[in-house]
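Since the structure comes first, as structure tokens, the remarks are kept for the end.
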Amino acid sequence: AYWEGDFDRLLSVCELWMTEEPFSSRPFAVGSMAEITVDNITLGLEYARRGLVLDPGSTTLRNQLAYALIASDQYLEAAKLLQQALRKEPDDFSLGILRATTGMLAIRTGEIEGGIASYKASISLFKRLGNQAAVASATAYLALEVSRAGAPQANESIKEAEELIKDLRYAPEVGVILERAKRWNAAVQHRQGTPDALSVSSLEPKA
């Protein structure tokens, strides 16, 4: 289901997986990732919390919980969680995902330039690691956040993400995130009355 990009089926499978292996944090990590991808933040938050009960030290689950908290406007709890995770001196990959989520928090709280800088630091780190899927994912999430914020970098970020996923064989969630970014960008341009904006009433994203 994951490799086919069928996130609805993936979510159904994760629920069965949680029942089959109730003491494993893995189905909660995968389920939280899938829910965040499709913008079902309530369940993404729930799965991350449940997974952390089983594996309190998981950086992946901490990061997913922080993302869901930010998306739910719970900024103080998210900031505290990110600070705790960063103090644990995570490995380079974990540091990359935490920096990206820190960038999301900055942008959502109005620090656009600082947030973009955090995302770009994350992207640079993933490039050094040779992790193309993580580079594309961070770039797509950056495009989503600057599009939501109506920042002037939105079009450029979307184009960069489009280039990165052309030959990307992995991480099907990146395409889903990029489509969300495009819908936000079109909707924001429409609201702002951008001259070349398309008619996007049917593409209005969820608040």
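Letters A, B, ... mark the chains of the structure tokens in the order given; residue numbers begin at 1 per chain; ligand numbers begin at 1, in order shown.
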
Per-residue nearest contacts range 121-141 of chain A to range 96-109 of chain A, cut-off 9 Å, using only C-alpha atoms, as JSON lines:
{"residue": "A:Ala121", "atom": "CA", "partner": "A:Arg99", "partner_atom": "CA", "distance": 7.2}
{"residue": "A:Ser122", "atom": "CA", "partner": "A:Gly96", "partner_atom": "CA", "distance": 4.5}
{"residue": "A:Ile123", "atom": "CA", "partner": "A:Gly96", "partner_atom": "CA", "distance": 7.3}
{"residue": "A:Ser124", "atom": "CA", "partner": "A:Gly96", "partner_atom": "CA", "distance": 8.7}
{"residue": "A:Leu125", "atom": "CA", "partner": "A:Gly96", "partner_atom": "CA", "distance": 6.2}
{"residue": "A:Phe126", "atom": "CA", "partner": "A:Gly96", "partner_atom": "CA", "distance": 6.6}
{"residue": "A:Ala134", "atom": "CA", "partner": "A:Ile97", "partner_atom": "CA", "distance": 8.4}
{"residue": "A:Ala138", "atom": "CA", "partner": "A:Ala100", "partner_atom": "CA", "distance": 6.5}
{"residue": "A:Tyr141", "atom": "CA", "partner": "A:Ala100", "partner_atom": "CA", "distance": 8.2}

Long-range neighbours of Asp55 in chain A as a PyMOL selection string, 10 Å cut-off, only C-alpha atoms, 5 positions minimum in chain: chain A and resi 23-26+49-50+61-62

Output C-alpha atoms for every residue in that selection, as a compact mmCIF listing (two decimals), in the first residue's frame.
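Result file again_32.txt:
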# COMPACT_ATOMS: atom_id res chain seq x y z
CA PHE A 23 3.22 -3.80 22.00
CA SER A 24 5.13 -2.60 18.93
CA SER A 25 5.57 1.12 18.29
CA ARG A 26 6.18 0.60 14.56
CA ARG A 49 1.26 9.72 21.52
CA ARG A 50 0.32 6.03 21.69
CA LEU A 61 7.66 9.55 17.06
CA ARG A 62 8.76 12.65 18.98

Which of range 56-137 of chain A fall in alpha helix (DSSP H), as a count of residues only: 67

Per-residue nearest contacts of range 30-107 of chain A to range 178-190 of chain A (10 Å; only C-alpha atoms) as CSV:
residue,atom,partner,partner_atom,distance
A:Thr37,CA,A:Arg180,CA,9.3
A:Val38,CA,A:Arg180,CA,8.7
A:Asp39,CA,A:Arg180,CA,9.0

Give me a file of those residues, with N, CA, C and O atoms, as a PDB file, in the first residue's frame.
ATOM      1  N   THR A  37       0.625  12.808   6.491  1.00  0.00           N
ATOM      2  CA  THR A  37       0.738  12.994   5.047  1.00  0.00           C
ATOM      3  C   THR A  37      -0.583  13.448   4.443  1.00  0.00           C
ATOM      4  O   THR A  37      -0.624  14.358   3.613  1.00  0.00           O
ATOM      5  N   VAL A  38      -1.686  12.816   4.864  1.00  0.00           N
ATOM      6  CA  VAL A  38      -2.997  13.141   4.294  1.00  0.00           C
ATOM      7  C   VAL A  38      -3.704  14.250   5.073  1.00  0.00           C
ATOM      8  O   VAL A  38      -4.864  14.547   4.816  1.00  0.00           O
ATOM      9  N   ASP A  39      -3.000  14.848   6.035  1.00  0.00           N
ATOM     10  CA  ASP A  39      -3.492  15.995   6.795  1.00  0.00           C
ATOM     11  C   ASP A  39      -4.613  15.640   7.760  1.00  0.00           C
ATOM     12  O   ASP A  39      -5.463  16.475   8.067  1.00  0.00           O
TER      13      ASP A  39
END

Contact residues around Ser157 in chain A with only C-alpha atoms at 6 Å, ignoring same-chain residues under 3 positions, as a ChimeraX atom specification: /A:143,154,160

Residue with smallest distance to Gly115 in chain A - pool A:Leu81, A:Ala151, A:Ile158, A:Ala68, counting only C-alpha atoms: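 For Gly115 in chain A, the nearest of the given residues is A:Ala151.
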
Residue neighbourhood Glu173 in chain A, 10 Å, only C-alpha atoms, exclusion window fewer than 5 positions, as a PyMOL selection string: chain A and resi 2-3+5-7+33-34+36-38+133+137+140+178

What would the file look like if the residues just selected were written as a JSON list (two decimals), in the first residue's frame with N, CA, C and O atoms?
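File result_7.json, as written:
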[["chain", "number", "residue", "atom", "x", "y", "z"],
["A", 2, "TYR", "N", 1.95, 1.21, 0.79],
["A", 2, "TYR", "CA", 2.84, 2.38, 0.85],
["A", 2, "TYR", "C", 3.50, 2.63, -0.50],
["A", 2, "TYR", "O", 3.48, 3.76, -1.01],
["A", 3, "TRP", "N", 4.11, 1.61, -1.08],
["A", 3, "TRP", "CA", 4.82, 1.80, -2.34],
["A", 3, "TRP", "C", 3.89, 2.17, -3.48],
["A", 3, "TRP", "O", 4.30, 2.81, -4.45],
["A", 5, "GLY", "N", 1.47, 4.17, -3.02],
["A", 5, "GLY", "CA", 0.95, 5.49, -2.67],
["A", 5, "GLY", "C", -0.52, 5.47, -2.28],
["A", 5, "GLY", "O", -1.19, 6.50, -2.34],
["A", 6, "ASP", "N", -0.99, 4.31, -1.83],
["A", 6, "ASP", "CA", -2.40, 4.16, -1.44],
["A", 6, "ASP", "C", -2.49, 4.38, 0.07],
["A", 6, "ASP", "O", -2.47, 3.42, 0.86],
["A", 7, "PHE", "N", -2.60, 5.62, 0.48],
["A", 7, "PHE", "CA", -2.54, 5.93, 1.90],
["A", 7, "PHE", "C", -3.81, 5.55, 2.64],
["A", 7, "PHE", "O", -3.78, 5.26, 3.84],
["A", 33, "MET", "N", 2.74, 8.78, 10.46],
["A", 33, "MET", "CA", 3.30, 9.36, 9.24],
["A", 33, "MET", "C", 2.23, 9.46, 8.15],
["A", 33, "MET", "O", 2.09, 10.50, 7.48],
["A", 34, "ALA", "N", 1.45, 8.39, 7.99],
["A", 34, "ALA", "CA", 0.42, 8.37, 6.96],
["A", 34, "ALA", "C", -0.67, 9.41, 7.24],
["A", 34, "ALA", "O", -1.13, 10.10, 6.32],
["A", 36, "ILE", "N", -0.39, 12.18, 9.00],
["A", 36, "ILE", "CA", 0.18, 13.51, 8.78],
["A", 36, "ILE", "C", 0.26, 13.82, 7.28],
["A", 36, "ILE", "O", -0.04, 14.93, 6.84],
["A", 37, "THR", "N", 0.62, 12.81, 6.49],
["A", 37, "THR", "CA", 0.74, 12.99, 5.05],
["A", 37, "THR", "C", -0.58, 13.45, 4.44],
["A", 37, "THR", "O", -0.62, 14.36, 3.61],
["A", 38, "VAL", "N", -1.69, 12.82, 4.86],
["A", 38, "VAL", "CA", -3.00, 13.14, 4.29],
["A", 38, "VAL", "C", -3.70, 14.25, 5.07],
["A", 38, "VAL", "O", -4.86, 14.55, 4.82],
["A", 133, "ALA", "N", 15.67, 10.90, -0.88],
["A", 133, "ALA", "CA", 14.26, 10.90, -0.46],
["A", 133, "ALA", "C", 14.02, 11.92, 0.64],
["A", 133, "ALA", "O", 13.02, 12.64, 0.64],
["A", 137, "SER", "N", 11.66, 15.19, 0.57],
["A", 137, "SER", "CA", 10.61, 15.34, 1.59],
["A", 137, "SER", "C", 10.71, 16.68, 2.29],
["A", 137, "SER", "O", 9.71, 17.40, 2.43],
["A", 140, "ALA", "N", 9.63, 19.43, -0.05],
["A", 140, "ALA", "CA", 8.18, 19.46, -0.23],
["A", 140, "ALA", "C", 7.49, 20.07, 0.99],
["A", 140, "ALA", "O", 6.55, 20.87, 0.85],
["A", 178, "LEU", "N", 3.51, 17.57, -1.86],
["A", 178, "LEU", "CA", 3.69, 18.59, -2.90],
["A", 178, "LEU", "C", 2.35, 19.03, -3.48],
["A", 178, "LEU", "O", 2.14, 20.22, -3.73]]

Residues within 12 Å of Ser12 in chain A, please, as a JSON list (two decimals) with N, CA and C atoms, in the first residue's frame. Count only C-alpha atoms; anything in the same chain fewer than 4 positions from it doesn't count.
[["chain", "number", "residue", "atom", "x", "y", "z"],
["A", 1, "ALA", "N", 0.83, -1.20, 0.00],
["A", 1, "ALA", "CA", 0.00, 0.00, 0.00],
["A", 1, "ALA", "C", 0.87, 1.26, 0.00],
["A", 2, "TYR", "N", 1.95, 1.21, 0.79],
["A", 2, "TYR", "CA", 2.84, 2.38, 0.85],
["A", 2, "TYR", "C", 3.50, 2.63, -0.50],
["A", 6, "ASP", "N", -0.99, 4.31, -1.83],
["A", 6, "ASP", "CA", -2.40, 4.16, -1.44],
["A", 6, "ASP", "C", -2.49, 4.38, 0.07],
["A", 7, "PHE", "N", -2.60, 5.62, 0.48],
["A", 7, "PHE", "CA", -2.54, 5.93, 1.90],
["A", 7, "PHE", "C", -3.81, 5.55, 2.64],
["A", 8, "ASP", "N", -4.94, 5.51, 1.94],
["A", 8, "ASP", "CA", -6.17, 5.06, 2.59],
["A", 8, "ASP", "C", -6.03, 3.59, 3.00],
["A", 16, "LEU", "N", -4.99, -2.60, 11.57],
["A", 16, "LEU", "CA", -4.92, -4.04, 11.79],
["A", 16, "LEU", "C", -3.59, -4.43, 12.43],
["A", 17, "TRP", "N", -2.54, -3.79, 11.98],
["A", 17, "TRP", "CA", -1.19, -4.04, 12.51],
["A", 17, "TRP", "C", -1.13, -3.69, 14.00],
["A", 18, "MET", "N", -1.77, -2.60, 14.39],
["A", 18, "MET", "CA", -1.79, -2.21, 15.79],
["A", 18, "MET", "C", -2.47, -3.27, 16.65],
["A", 19, "THR", "N", -3.50, -3.89, 16.09],
["A", 19, "THR", "CA", -4.20, -4.95, 16.81],
["A", 19, "THR", "C", -3.36, -6.22, 16.87],
["A", 27, "PRO", "N", 3.76, 0.17, 14.10],
["A", 27, "PRO", "CA", 2.53, 0.53, 13.39],
["A", 27, "PRO", "C", 2.04, 1.93, 13.73],
["A", 30, "VAL", "N", 4.28, 4.36, 11.61],
["A", 30, "VAL", "CA", 3.86, 4.37, 10.21],
["A", 30, "VAL", "C", 2.48, 5.01, 10.08],
["A", 31, "GLY", "N", 1.57, 4.68, 10.99],
["A", 31, "GLY", "CA", 0.23, 5.24, 10.95],
["A", 31, "GLY", "C", 0.24, 6.75, 11.15],
["A", 34, "ALA", "N", 1.45, 8.39, 7.99],
["A", 34, "ALA", "CA", 0.42, 8.37, 6.96],
["A", 34, "ALA", "C", -0.67, 9.41, 7.24],
["A", 35, "GLU", "N", -1.09, 9.52, 8.49],
["A", 35, "GLU", "CA", -2.13, 10.49, 8.84],
["A", 35, "GLU", "C", -1.64, 11.93, 8.64]]

Distance of CA of Ser94 in chain A from CA of Lys80 in chain A, expressed in Å to one decimal place: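 Calculated distance between CA of Lys80 in chain A and CA of Ser94 in chain A is 16.6 Å.
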
Of the listed residues A:Val146, A:Ala136, A:Leu95, A:Leu82, that which approaches Val176 in chain A most closely, counting only C-alpha atoms: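 So, comparing all the options, the nearest one is A:Ala136.
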
Spatial neighbours of Gln84 in chain A, max dist 12 Å, only C-alpha atoms, sep filter under 4 positions, as a ChimeraX atom specification: /A:56-59,62-63,66,77-80,88-90,98

Nearest candidate to Phe93 in chain A (options A:Gly130, A:Gly44, A:Gly175, A:Pro22; using only C-alpha atoms):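 Smallest distance to Phe93 in chain A is found for A:Gly130.
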
Interatomic distance (Å, one decimal) between CA of Thr42 in chain A and CA of Gln83 in chain A: 22.6 Å

Option closest in space to Arg169 in chain A, from A:Gln132, A:Leu142, A:Lys120, A:Gly193 [counting only C-alpha atoms]: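 Of the candidates, the smallest distance to Arg169 in chain A is held by A:Gln132.
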